[in-house]
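S.K.: Pasting in a structure now, in structure tokens, and then I'll have a few things to ask.
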Amino acid sequence: MKHLFFFIFLLFAVSCVRQPEIYGPVPTRSQLEWQQMETYAFIHFGLNTFNDMEWGYGDTPAETFNPMDLDCEQWVLTLKACGMKGVILTAKHHDGFCLWPTETTDYSIKNSPYKDGQGDVVGELCEACRKHDLKFGVYLSPWDRHQASYGNEDYVKLYHQQIQELVDHYGPFFEFWFDGANGGDGWYGGACETRSIKAEEYYQYDKARDIIWSKYPNTMIFGGTVPTLRWIGNEEGKAKSTQWCNYTFDFQDLNNTKLLSTGIPDGDAWLPAEVDVSIRPGWFYHENEQPKSLEQLLDIYYQSVGRNASLLLNFPVDKTGRIPDADSIRAIEWYQTLQNTFANDLLKGLRPSTNSALENHQELIYTFEKPTTLQCLILQEDITQGQRVERFSINYYRNGKWLPIETDEEMTTIGYKRIIQFKPATMERLRIRFIKAKGPVTLSKVSGY
Ligand code: FUL
């Protein structure tokens, strides 16, 4: 490494330090606001819920959609109680059944017993979100196993019309989800065959995006060829600890799970990661499944939000039309555990000393008034300046010696937020050393617990 000269810019500290130049790609305003949300929910609900399925073939009778106790306010209040900042609903999953009274197909809620065909789950959830101040988003599967026209031009028109309807009647959307799955086989109006399309051309995603942005330009886009965020590459709730928001726009790379899992350090675009995972094994409700344990959910949090990614946590709504109690209780317990963990910042009020005389690195040293036990640090870069840190170390001073903290986390990237958990250590001083970075290190926050 050549002689790099780093200096630390702590937004909350010394204001006389001049702000360094922006380095590499930086987030748009919508991306920044979206990253600050940190946790938001998915709701998978539809015909699959009533038929014990994950991927309906496209011929499941619309009459089977019959929630007797559907209450979107219960969803919204539950999600708010577990700290979610928004919710994304499966307005249409791969089976093609629409949860709003669309003009584009009969395969919708209009032909279900729910409210005698007068219901509109997309509208009801949108309304509940507005009432209780939760952000709203939709998932609209491009793959449609119901439509006879799937695979030809007519379907793409129909798909764009569905987007147009959603934009006309609901919104604003904080995120719009174009799912990437395309299993091939389906009912397709009775043809019952396998159809393959070239996703990057067929769906005309740039046009789809323009329909959304013409009314709601701040909508974040998941999937397709013009995304503003990226999939993490697995559905297990795990981001890699080395995690760049930088990426290079190439459709092939948008399907490369290895690159997706870490980002591309020299990527020329800002494309932050989203971790999507379900609180239960399935995305849809199944009677014989149970929510994940508290420990599993905590691991998911540390491996997503704690690794510079956003967490999209799915709640399967059950056949009655409610989030099951077991899931609500577990999720609230999870959120409260996190709230308690991060209630008391032990670095608050301490002004770190810095040592800019070091040639290839820079460090922050916190000195405690009395020996203090820490087991977790949260580091945040000021990402409006780009993502820079590539390697760092954490040591503590005790009885005249500097010792390394004991952790399984790699201390590489930071990004919007990085949480490092370690074996509890009692210390007189704490040292964070930046060993390698792409430019001057610009942190916005450091806190300790
Ligand atoms: C996948 C879909 O195939 C699953 O059913 C689910 O909706 C998940 C979030 O995305 O691609």
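If you're wondering about the labels, chains in the structure tokens are A, B, ... by order shown, residues count from 1 in each chain, ligands from 1 in order shown.
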Write out as a ChimeraX atom specification the set of residues from stretch 132-224 of chain A that DSSP, computed on the backbone, places in alpha helix (DSSP H).
M.R.: /A:132,153-169,199-202,205-215
S.K.: Which residues sit within 10 Å of ligand 1, counting only C-alpha atoms and all ligand atoms, listed as a count of residues only?
M.R.: 38
S.K.: Mind giving me the straight-line distance from atom CA of A:Gln421 to atom CA of A:Glu409 in Å, one decimal?
M.R.: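 Pair atom CA of A:Gln421 / atom CA of A:Glu409 returns 7.6 Å.
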S.K.: For A:His169, work out the shell of residues within 10 Å, counting only C-alpha atoms and skipping chain neighbours fewer than 5 positions away, then give it as a ChimeraX atom specification.
M.R.: /A:100,122-123,126,164
S.K.: Ranking A:Tyr159, A:Trp187, A:Phe65, A:Trp270 by minimum distance to A:Asn51 and counting only C-alpha atoms, which one comes first?
M.R.: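 Answer, going by the shortest atom-to-atom distance: A:Phe65.
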S.K.: Out of A:Gly58, A:Gly233, A:Gly349, A:Gly24, which residue has the shortest atom-to-atom distance to A:Glu369 when counting only C-alpha atoms?
M.R.: A:Gly349
S.K.: Please identify which residues in stretch 135-290 of chain A DSSP calls strand (DSSP E) from the backbone, and express them as a count of residues only.
M.R.: 28
S.K.: With distances taken over only C-alpha atoms, which residue among A:Leu260, A:Val226, A:Leu77, A:Ile435 lies nearest A:Arg322?
M.R.: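 Under the stated criterion, the closest residue is A:Leu77.
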S.K.: Just how far from atom CA of A:Ser241 is atom CA of A:Asp382, in Å to one decimal?
M.R.: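 Separation of atom CA of A:Asp382 and atom CA of A:Ser241: 18.5 Å.
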S.K.: Need the shell around A:Ser353: protein/DNA/RNA residues with any atom at most 8 Å away, counting only C-alpha atoms. Skip same-chain ones fewer than 5 positions apart. Format as a PyMOL selection string?
M.R.: chain A and resi 364-366
S.K.: Can those selected residues be exported to a file as a tab-separated table (two decimals), in the first residue's frame so that it contains C-alpha atoms?
M.R.:
chain	number	residue	atom	x	y	z
A	364	LEU	CA	-9.44	6.79	17.35
A	365	ILE	CA	-8.70	6.27	21.03
A	366	TYR	CA	-11.41	6.54	23.68
S.K.: Might you pull out every residue within 10 Å of A:Ile221, with only C-alpha atoms counted and same-chain residues fewer than 4 positions away left off, and present them as a VMD selection string?
M.R.: chain A and resid 31 173 to 178 209 212 to 213 225 to 230
S.K.: Please list as a list in words every residue within 7 Å of A:Cys82, counting only C-alpha atoms and excluding residues in the same chain fewer than 2 positions away.
M.R.: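 Here the qualifying residues turn out to be Thr78, Leu79, Lys80, Met84, Ala331, Ile332 and Tyr335 of chain A.
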S.K.: Using only C-alpha atoms, which of A:Val121, A:Ile323, A:Ala425, A:Ala273 sits nearest A:Pro371?
M.R.: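 That would be A:Ala425, the residue with the smallest distance to A:Pro371.
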S.K.: Pick out the closest residue to A:Thr413 from this set: A:Ala437, A:Ile211, A:Ile394, A:Leu99. Count only C-alpha atoms.
M.R.: A:Ala437
S.K.: Identify, on the basis of only C-alpha atoms, every residue whose closest approach to A:Pro61 does not exceed 12 Å; exclude the query and any residue fewer than 2 positions from it along the same chain; express the result as number ranges by chain.
M.R.: A: 46-48, 50-51, 56-59, 63-66, 95-97, 106-109, 111-113, 146
S.K.: Taking only C-alpha atoms into account, name the residue in A:Asn308, A:Thr442, A:Asn218, A:Thr242 that is nearest to A:Glu33.
M.R.: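 The closest residue to A:Glu33 is A:Asn218.
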S.K.: Rounded to one decimal place, report the atom CA of A:Asn355-atom CA of A:Thr426 distance in Å.
M.R.: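 One can read the atom CA of A:Asn355 to atom CA of A:Thr426 distance as 23.0 Å.
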